[in-house]
$ cat model25.cif   # mmCIF, N, CA and C atoms
data_coords
#
loop_
_atom_site.label_atom_id
_atom_site.label_comp_id
_atom_site.auth_asym_id
_atom_site.auth_seq_id
_atom_site.Cartn_x
_atom_site.Cartn_y
_atom_site.Cartn_z
N LEU A 42 269.93 46.75 151.30
CA LEU A 42 268.80 46.87 152.20
C LEU A 42 269.20 47.69 153.42
N LYS A 43 268.27 48.51 153.87
CA LYS A 43 268.54 49.35 155.04
C LYS A 43 267.40 49.20 156.04
N ASP A 44 267.73 49.39 157.31
CA ASP A 44 266.69 49.32 158.33
C ASP A 44 265.94 50.65 158.39
N ARG A 45 265.01 50.77 159.30
CA ARG A 45 264.17 51.97 159.39
C ARG A 45 264.96 53.22 159.78
N HIS A 46 266.20 53.05 160.24
CA HIS A 46 267.05 54.18 160.59
C HIS A 46 268.05 54.52 159.49
N GLY A 47 267.93 53.83 158.35
CA GLY A 47 268.82 54.09 157.22
C GLY A 47 270.16 53.40 157.29
N GLN A 48 270.33 52.49 158.24
CA GLN A 48 271.58 51.76 158.40
C GLN A 48 271.52 50.46 157.59
N PRO A 49 272.66 49.99 157.07
CA PRO A 49 272.67 48.72 156.33
C PRO A 49 272.10 47.59 157.18
N LEU A 50 271.32 46.74 156.55
CA LEU A 50 270.68 45.61 157.22
C LEU A 50 271.65 44.43 157.17
N LEU A 51 272.60 44.41 158.09
CA LEU A 51 273.64 43.38 158.12
C LEU A 51 273.13 42.12 158.80
N GLY A 52 273.61 40.98 158.34
CA GLY A 52 273.33 39.71 158.99
C GLY A 52 271.91 39.20 158.83
N ALA A 53 271.23 39.62 157.77
CA ALA A 53 269.85 39.18 157.55
C ALA A 53 269.81 37.96 156.64
N LYS A 54 268.74 37.21 156.75
CA LYS A 54 268.45 36.15 155.78
C LYS A 54 267.51 36.79 154.77
N VAL A 55 267.92 36.79 153.50
CA VAL A 55 267.15 37.50 152.47
C VAL A 55 266.79 36.54 151.34
N GLU A 56 265.54 36.59 150.94
CA GLU A 56 265.07 35.81 149.80
C GLU A 56 264.03 36.63 149.06
N ALA A 57 263.69 36.21 147.83
CA ALA A 57 262.71 36.94 147.04
C ALA A 57 261.96 35.99 146.14
N ASN A 58 260.74 36.37 145.86
CA ASN A 58 259.97 35.75 144.79
C ASN A 58 260.00 36.76 143.65
N ALA A 59 260.37 36.32 142.46
CA ALA A 59 260.44 37.18 141.29
C ALA A 59 259.35 36.73 140.32
N ILE A 60 258.52 37.69 139.93
CA ILE A 60 257.39 37.39 139.04
C ILE A 60 257.42 38.37 137.87
N ARG A 61 257.20 37.87 136.68
CA ARG A 61 257.14 38.72 135.49
C ARG A 61 255.75 39.37 135.42
N PRO A 62 255.69 40.71 135.43
CA PRO A 62 254.40 41.37 135.38
C PRO A 62 253.81 41.44 133.97
N LEU A 63 254.64 41.24 132.93
CA LEU A 63 254.21 41.31 131.54
C LEU A 63 254.61 40.05 130.81
N GLY A 64 253.85 39.71 129.78
CA GLY A 64 254.19 38.55 128.98
C GLY A 64 253.77 37.27 129.67
N PRO A 65 254.33 36.16 129.22
CA PRO A 65 253.97 34.87 129.82
C PRO A 65 254.29 34.85 131.32
N ALA A 66 253.39 34.27 132.08
CA ALA A 66 253.61 34.17 133.53
C ALA A 66 254.84 33.31 133.79
N TYR A 67 255.67 33.79 134.68
CA TYR A 67 256.88 33.06 135.04
C TYR A 67 257.29 33.54 136.41
N ALA A 68 257.61 32.63 137.28
CA ALA A 68 258.03 32.99 138.64
C ALA A 68 259.27 32.18 139.00
N THR A 69 260.10 32.78 139.82
CA THR A 69 261.29 32.09 140.30
C THR A 69 261.60 32.58 141.71
N ARG A 70 262.24 31.75 142.47
CA ARG A 70 262.61 32.09 143.84
C ARG A 70 264.12 32.32 143.90
N LEU A 71 264.53 33.37 144.60
CA LEU A 71 265.94 33.70 144.73
C LEU A 71 266.35 33.73 146.20
N GLN A 72 267.52 33.22 146.47
CA GLN A 72 268.14 33.33 147.79
C GLN A 72 269.27 34.35 147.64
N PHE A 73 269.49 35.16 148.64
CA PHE A 73 270.54 36.17 148.58
C PHE A 73 271.61 35.88 149.62
N LEU A 74 272.85 36.15 149.24
CA LEU A 74 273.99 35.96 150.12
C LEU A 74 274.58 37.31 150.48
N PRO A 75 275.02 37.51 151.73
CA PRO A 75 275.59 38.81 152.11
C PRO A 75 276.96 39.02 151.49
N SER A 76 277.25 40.28 151.16
CA SER A 76 278.60 40.63 150.71
C SER A 76 279.24 41.49 151.79
N LYS A 77 280.50 41.74 151.66
CA LYS A 77 281.26 42.45 152.70
C LYS A 77 280.83 43.90 152.89
N ASP A 78 280.25 44.52 151.84
CA ASP A 78 279.88 45.93 151.95
C ASP A 78 278.46 46.15 152.49
N GLY A 79 277.80 45.07 152.91
CA GLY A 79 276.46 45.20 153.47
C GLY A 79 275.36 44.98 152.46
N SER A 80 275.71 44.77 151.20
CA SER A 80 274.68 44.47 150.20
C SER A 80 274.47 42.95 150.12
N TYR A 81 273.49 42.54 149.35
CA TYR A 81 273.17 41.12 149.21
C TYR A 81 273.13 40.80 147.72
N LEU A 82 273.66 39.63 147.37
CA LEU A 82 273.71 39.19 145.98
C LEU A 82 272.92 37.90 145.82
N ALA A 83 272.13 37.84 144.75
CA ALA A 83 271.34 36.64 144.47
C ALA A 83 272.27 35.49 144.10
N ASP A 84 271.86 34.29 144.46
CA ASP A 84 272.67 33.10 144.16
C ASP A 84 272.48 32.60 142.73
N ALA A 85 271.58 33.24 141.97
CA ALA A 85 271.31 32.86 140.58
C ALA A 85 270.77 34.07 139.84
N ALA A 86 270.86 34.03 138.51
CA ALA A 86 270.31 35.11 137.69
C ALA A 86 268.85 34.81 137.35
N LEU A 87 268.12 35.84 137.01
CA LEU A 87 266.75 35.63 136.54
C LEU A 87 266.81 34.91 135.20
N PRO A 88 265.88 34.00 134.93
CA PRO A 88 265.98 33.16 133.74
C PRO A 88 265.61 33.82 132.42
N LEU A 89 264.89 34.94 132.46
CA LEU A 89 264.45 35.62 131.23
C LEU A 89 264.71 37.12 131.34
N ARG A 90 264.97 37.75 130.22
CA ARG A 90 265.13 39.20 130.20
C ARG A 90 263.77 39.88 130.33
N GLY A 91 263.80 41.13 130.78
CA GLY A 91 262.57 41.91 130.85
C GLY A 91 262.30 42.41 132.26
N GLN A 92 261.06 42.85 132.47
CA GLN A 92 260.66 43.39 133.76
C GLN A 92 260.30 42.26 134.72
N TRP A 93 260.68 42.47 135.97
CA TRP A 93 260.36 41.53 137.05
C TRP A 93 259.93 42.31 138.28
N ASP A 94 258.97 41.80 139.00
CA ASP A 94 258.63 42.33 140.31
C ASP A 94 259.29 41.42 141.35
N LEU A 95 260.18 42.01 142.15
CA LEU A 95 260.86 41.27 143.22
C LEU A 95 260.15 41.55 144.54
N MET A 96 259.60 40.52 145.14
CA MET A 96 259.00 40.63 146.45
C MET A 96 260.03 40.12 147.45
N LEU A 97 260.77 41.06 148.03
CA LEU A 97 261.88 40.74 148.92
C LEU A 97 261.39 40.55 150.35
N TYR A 98 261.98 39.57 151.01
CA TYR A 98 261.66 39.25 152.40
C TYR A 98 262.98 39.05 153.13
N ALA A 99 263.16 39.82 154.20
CA ALA A 99 264.38 39.71 154.99
C ALA A 99 264.02 39.55 156.47
N VAL A 100 264.81 38.73 157.17
CA VAL A 100 264.63 38.53 158.61
C VAL A 100 265.97 38.73 159.29
N ARG A 101 265.95 39.53 160.36
CA ARG A 101 267.16 39.73 161.16
C ARG A 101 266.75 39.96 162.60
N ALA A 102 267.32 39.17 163.49
CA ALA A 102 267.06 39.30 164.93
C ALA A 102 265.56 39.33 165.23
N GLY A 103 264.81 38.46 164.56
CA GLY A 103 263.38 38.35 164.82
C GLY A 103 262.53 39.42 164.18
N GLN A 104 263.14 40.39 163.50
CA GLN A 104 262.38 41.43 162.81
C GLN A 104 262.26 41.09 161.34
N GLU A 105 261.06 41.29 160.79
CA GLU A 105 260.80 41.00 159.38
C GLU A 105 260.73 42.29 158.59
N TYR A 106 261.28 42.24 157.39
CA TYR A 106 261.25 43.37 156.46
C TYR A 106 260.71 42.84 155.14
N ARG A 107 259.79 43.59 154.53
CA ARG A 107 259.25 43.21 153.23
C ARG A 107 259.22 44.45 152.34
N VAL A 108 259.58 44.24 151.08
CA VAL A 108 259.54 45.33 150.11
C VAL A 108 259.39 44.72 148.72
N THR A 109 258.69 45.42 147.85
CA THR A 109 258.54 44.99 146.46
C THR A 109 259.17 46.04 145.56
N ARG A 110 259.95 45.58 144.61
CA ARG A 110 260.62 46.48 143.67
C ARG A 110 260.50 45.91 142.26
N ARG A 111 260.26 46.78 141.28
CA ARG A 111 260.28 46.37 139.89
C ARG A 111 261.69 46.60 139.35
N VAL A 112 262.23 45.60 138.68
CA VAL A 112 263.57 45.70 138.11
C VAL A 112 263.52 45.32 136.64
N LEU A 113 264.49 45.78 135.88
CA LEU A 113 264.63 45.44 134.48
C LEU A 113 265.90 44.62 134.32
N PHE A 114 265.74 43.37 133.91
CA PHE A 114 266.88 42.47 133.74
C PHE A 114 267.19 42.39 132.25
N GLN A 115 268.40 42.80 131.88
CA GLN A 115 268.78 42.82 130.46
C GLN A 115 269.80 41.77 130.13
#

$ encode --input "model25.cif" --output "structure tokens"
Amino acid sequence: LKDRHGQPLLGAKVEANAIRPLGPAYATRLQFLPSKDGSYLADAALPLRGQWDLMLYAVRAGQEYRVTRRVLFQ
């Protein structure tokens, strides 16, 4: 994650709602933990293979960031 200036979004609280856009409806919530390189890793894997829409929400120093990304989990 990067801020509006393109810098890594360090020290944020990050979570996501993951929803399957195709097939049987299925949703799961993910919490992310910071890694040393400025990226964030989910604390669990998605439960099913296929496409997922991740609605990411991050908060840092009172500023909120939201983004949605489609991912393919194999």

$ resolve_selection --input "model25.cif" --expression "the PyMOL selection byres (((chain A and resi 87 and name CA) around 10) and name CA)" --output "ChimeraX atom specification"
/A:59-60,68-71,83-86,88-91,93,114-115

$ closest_residue --input "model25.cif" --among "A:Gly79, A:Val108, A:Ala102, A:Leu95" --to "Asn58 of chain A" --atoms "all atoms listed in the file"
A:Leu95

$ residues_around --input "model25.cif" --residues "segment 52-56 of chain A" --least-positions-apart "4" --cutoff "7 Å" --atoms "all atoms listed in the file" --output "JSON, numbers by chain"
{"A": [70, 71, 72, 73, 74, 75, 96, 97, 98, 99, 100, 101, 102]}

$ select_by_dssp --input "model25.cif" --residues "chain A" --states "strand (DSSP E or B)" --output "PDB file with N, CA and C atoms, in the frame of the given file"
ATOM      1  N   LYS A  43     268.270  48.510 153.870  1.00  0.00           N
ATOM      2  CA  LYS A  43     268.540  49.350 155.040  1.00  0.00           C
ATOM      3  C   LYS A  43     267.400  49.200 156.040  1.00  0.00           C
ATOM      4  N   PRO A  49     272.660  49.990 157.070  1.00  0.00           N
ATOM      5  CA  PRO A  49     272.670  48.720 156.330  1.00  0.00           C
ATOM      6  C   PRO A  49     272.100  47.590 157.180  1.00  0.00           C
ATOM      7  N   LYS A  54     268.740  37.210 156.750  1.00  0.00           N
ATOM      8  CA  LYS A  54     268.450  36.150 155.780  1.00  0.00           C
ATOM      9  C   LYS A  54     267.510  36.790 154.770  1.00  0.00           C
ATOM     10  N   VAL A  55     267.920  36.790 153.500  1.00  0.00           N
ATOM     11  CA  VAL A  55     267.150  37.500 152.470  1.00  0.00           C
ATOM     12  C   VAL A  55     266.790  36.540 151.340  1.00  0.00           C
ATOM     13  N   GLU A  56     265.540  36.590 150.940  1.00  0.00           N
ATOM     14  CA  GLU A  56     265.070  35.810 149.800  1.00  0.00           C
ATOM     15  C   GLU A  56     264.030  36.630 149.060  1.00  0.00           C
ATOM     16  N   ALA A  57     263.690  36.210 147.830  1.00  0.00           N
ATOM     17  CA  ALA A  57     262.710  36.940 147.040  1.00  0.00           C
ATOM     18  C   ALA A  57     261.960  35.990 146.140  1.00  0.00           C
ATOM     19  N   ASN A  58     260.740  36.370 145.860  1.00  0.00           N
ATOM     20  CA  ASN A  58     259.970  35.750 144.790  1.00  0.00           C
ATOM     21  C   ASN A  58     260.000  36.760 143.650  1.00  0.00           C
ATOM     22  N   ALA A  59     260.370  36.320 142.460  1.00  0.00           N
ATOM     23  CA  ALA A  59     260.440  37.180 141.290  1.00  0.00           C
ATOM     24  C   ALA A  59     259.350  36.730 140.320  1.00  0.00           C
ATOM     25  N   ILE A  60     258.520  37.690 139.930  1.00  0.00           N
ATOM     26  CA  ILE A  60     257.390  37.390 139.040  1.00  0.00           C
ATOM     27  C   ILE A  60     257.420  38.370 137.870  1.00  0.00           C
ATOM     28  N   ALA A  68     257.610  32.630 137.280  1.00  0.00           N
ATOM     29  CA  ALA A  68     258.030  32.990 138.640  1.00  0.00           C
ATOM     30  C   ALA A  68     259.270  32.180 139.000  1.00  0.00           C
ATOM     31  N   THR A  69     260.100  32.780 139.820  1.00  0.00           N
ATOM     32  CA  THR A  69     261.290  32.090 140.300  1.00  0.00           C
ATOM     33  C   THR A  69     261.600  32.580 141.710  1.00  0.00           C
ATOM     34  N   ARG A  70     262.240  31.750 142.470  1.00  0.00           N
ATOM     35  CA  ARG A  70     262.610  32.090 143.840  1.00  0.00           C
ATOM     36  C   ARG A  70     264.120  32.320 143.900  1.00  0.00           C
ATOM     37  N   LEU A  71     264.530  33.370 144.600  1.00  0.00           N
ATOM     38  CA  LEU A  71     265.940  33.700 144.730  1.00  0.00           C
ATOM     39  C   LEU A  71     266.350  33.730 146.200  1.00  0.00           C
ATOM     40  N   GLN A  72     267.520  33.220 146.470  1.00  0.00           N
ATOM     41  CA  GLN A  72     268.140  33.330 147.790  1.00  0.00           C
ATOM     42  C   GLN A  72     269.270  34.350 147.640  1.00  0.00           C
ATOM     43  N   PHE A  73     269.490  35.160 148.640  1.00  0.00           N
ATOM     44  CA  PHE A  73     270.540  36.170 148.580  1.00  0.00           C
ATOM     45  C   PHE A  73     271.610  35.880 149.620  1.00  0.00           C
ATOM     46  N   LEU A  74     272.850  36.150 149.240  1.00  0.00           N
ATOM     47  CA  LEU A  74     273.990  35.960 150.120  1.00  0.00           C
ATOM     48  C   LEU A  74     274.580  37.310 150.480  1.00  0.00           C
ATOM     49  N   PRO A  75     275.020  37.510 151.730  1.00  0.00           N
ATOM     50  CA  PRO A  75     275.590  38.810 152.110  1.00  0.00           C
ATOM     51  C   PRO A  75     276.960  39.020 151.490  1.00  0.00           C
ATOM     52  N   TYR A  81     273.490  42.540 149.350  1.00  0.00           N
ATOM     53  CA  TYR A  81     273.170  41.120 149.210  1.00  0.00           C
ATOM     54  C   TYR A  81     273.130  40.800 147.720  1.00  0.00           C
ATOM     55  N   LEU A  82     273.660  39.630 147.370  1.00  0.00           N
ATOM     56  CA  LEU A  82     273.710  39.190 145.980  1.00  0.00           C
ATOM     57  C   LEU A  82     272.920  37.900 145.820  1.00  0.00           C
ATOM     58  N   ALA A  83     272.130  37.840 144.750  1.00  0.00           N
ATOM     59  CA  ALA A  83     271.340  36.640 144.470  1.00  0.00           C
ATOM     60  C   ALA A  83     272.270  35.490 144.100  1.00  0.00           C
ATOM     61  N   GLY A  91     263.800  41.130 130.780  1.00  0.00           N
ATOM     62  CA  GLY A  91     262.570  41.910 130.850  1.00  0.00           C
ATOM     63  C   GLY A  91     262.300  42.410 132.260  1.00  0.00           C
ATOM     64  N   GLN A  92     261.060  42.850 132.470  1.00  0.00           N
ATOM     65  CA  GLN A  92     260.660  43.390 133.760  1.00  0.00           C
ATOM     66  C   GLN A  92     260.300  42.260 134.720  1.00  0.00           C
ATOM     67  N   TRP A  93     260.680  42.470 135.970  1.00  0.00           N
ATOM     68  CA  TRP A  93     260.360  41.530 137.050  1.00  0.00           C
ATOM     69  C   TRP A  93     259.930  42.310 138.280  1.00  0.00           C
ATOM     70  N   ASP A  94     258.970  41.800 139.000  1.00  0.00           N
ATOM     71  CA  ASP A  94     258.630  42.330 140.310  1.00  0.00           C
ATOM     72  C   ASP A  94     259.290  41.420 141.350  1.00  0.00           C
ATOM     73  N   LEU A  95     260.180  42.010 142.150  1.00  0.00           N
ATOM     74  CA  LEU A  95     260.860  41.270 143.220  1.00  0.00           C
ATOM     75  C   LEU A  95     260.150  41.550 144.540  1.00  0.00           C
ATOM     76  N   MET A  96     259.600  40.520 145.140  1.00  0.00           N
ATOM     77  CA  MET A  96     259.000  40.630 146.450  1.00  0.00           C
ATOM     78  C   MET A  96     260.030  40.120 147.450  1.00  0.00           C
ATOM     79  N   LEU A  97     260.770  41.060 148.030  1.00  0.00           N
ATOM     80  CA  LEU A  97     261.880  40.740 148.920  1.00  0.00           C
ATOM     81  C   LEU A  97     261.390  40.550 150.350  1.00  0.00           C
ATOM     82  N   TYR A  98     261.980  39.570 151.010  1.00  0.00           N
ATOM     83  CA  TYR A  98     261.660  39.250 152.400  1.00  0.00           C
ATOM     84  C   TYR A  98     262.980  39.050 153.130  1.00  0.00           C
ATOM     85  N   ALA A  99     263.160  39.820 154.200  1.00  0.00           N
ATOM     86  CA  ALA A  99     264.380  39.710 154.990  1.00  0.00           C
ATOM     87  C   ALA A  99     264.020  39.550 156.470  1.00  0.00           C
ATOM     88  N   VAL A 100     264.810  38.730 157.170  1.00  0.00           N
ATOM     89  CA  VAL A 100     264.630  38.530 158.610  1.00  0.00           C
ATOM     90  C   VAL A 100     265.970  38.730 159.290  1.00  0.00           C
ATOM     91  N   ARG A 101     265.950  39.530 160.360  1.00  0.00           N
ATOM     92  CA  ARG A 101     267.160  39.730 161.160  1.00  0.00           C
ATOM     93  C   ARG A 101     266.750  39.960 162.600  1.00  0.00           C
ATOM     94  N   GLN A 104     263.140  40.390 163.500  1.00  0.00           N
ATOM     95  CA  GLN A 104     262.380  41.430 162.810  1.00  0.00           C
ATOM     96  C   GLN A 104     262.260  41.090 161.340  1.00  0.00           C
ATOM     97  N   GLU A 105     261.060  41.290 160.790  1.00  0.00           N
ATOM     98  CA  GLU A 105     260.800  41.000 159.380  1.00  0.00           C
ATOM     99  C   GLU A 105     260.730  42.290 158.590  1.00  0.00           C
ATOM    100  N   TYR A 106     261.280  42.240 157.390  1.00  0.00           N
ATOM    101  CA  TYR A 106     261.250  43.370 156.460  1.00  0.00           C
ATOM    102  C   TYR A 106     260.710  42.840 155.140  1.00  0.00           C
ATOM    103  N   ARG A 107     259.790  43.590 154.530  1.00  0.00           N
ATOM    104  CA  ARG A 107     259.250  43.210 153.230  1.00  0.00           C
ATOM    105  C   ARG A 107     259.220  44.450 152.340  1.00  0.00           C
ATOM    106  N   VAL A 108     259.580  44.240 151.080  1.00  0.00           N
ATOM    107  CA  VAL A 108     259.540  45.330 150.110  1.00  0.00           C
ATOM    108  C   VAL A 108     259.390  44.720 148.720  1.00  0.00           C
ATOM    109  N   THR A 109     258.690  45.420 147.850  1.00  0.00           N
ATOM    110  CA  THR A 109     258.540  44.990 146.460  1.00  0.00           C
ATOM    111  C   THR A 109     259.170  46.040 145.560  1.00  0.00           C
ATOM    112  N   ARG A 110     259.950  45.580 144.610  1.00  0.00           N
ATOM    113  CA  ARG A 110     260.620  46.480 143.670  1.00  0.00           C
ATOM    114  C   ARG A 110     260.500  45.910 142.260  1.00  0.00           C
ATOM    115  N   ARG A 111     260.260  46.780 141.280  1.00  0.00           N
ATOM    116  CA  ARG A 111     260.280  46.370 139.890  1.00  0.00           C
ATOM    117  C   ARG A 111     261.690  46.600 139.350  1.00  0.00           C
ATOM    118  N   VAL A 112     262.230  45.600 138.680  1.00  0.00           N
ATOM    119  CA  VAL A 112     263.570  45.700 138.110  1.00  0.00           C
ATOM    120  C   VAL A 112     263.520  45.320 136.640  1.00  0.00           C
ATOM    121  N   LEU A 113     264.490  45.780 135.880  1.00  0.00           N
ATOM    122  CA  LEU A 113     264.630  45.440 134.480  1.00  0.00           C
ATOM    123  C   LEU A 113     265.900  44.620 134.320  1.00  0.00           C
ATOM    124  N   PHE A 114     265.740  43.370 133.910  1.00  0.00           N
ATOM    125  CA  PHE A 114     266.880  42.470 133.740  1.00  0.00           C
ATOM    126  C   PHE A 114     267.190  42.390 132.250  1.00  0.00           C
TER     127      PHE A 114
END

$ atom_distance --input "model25.cif" --atom1 "atom CA of Ser80 of chain A" --atom2 "atom N of Arg110 of chain A"
15.8 Å

$ resolve_selection --input "model25.cif" --expression "the PyMOL selection byres (((chain A and resi 42 and name CA) around 9) and name CA)" --output "list in words"
Lys43, Asp44, Gly47, Gln48, Pro49, Leu50, Leu51, Gly79, Ser80, Tyr81 and Ala99 of chain A

$ atom_distance --input "model25.cif" --atom1 "atom N of Pro65 of chain A" --atom2 "atom C of Asp94 of chain A"
14.1 Å

$ atom_distance --input "model25.cif" --atom1 "atom N of Ser76 of chain A" --atom2 "atom CA of Arg61 of chain A"
25.5 Å

$ axis_aligned_box --input "model25.cif" --around "segment 93-105 of chain A" --padding-each-side "4 Å" --output "lines of an AutoDock Vina configuration file"
center_x = 263.0
center_y = 40.4
center_z = 150.6
size_x = 16.7
size_y = 12.1
size_z = 37.3
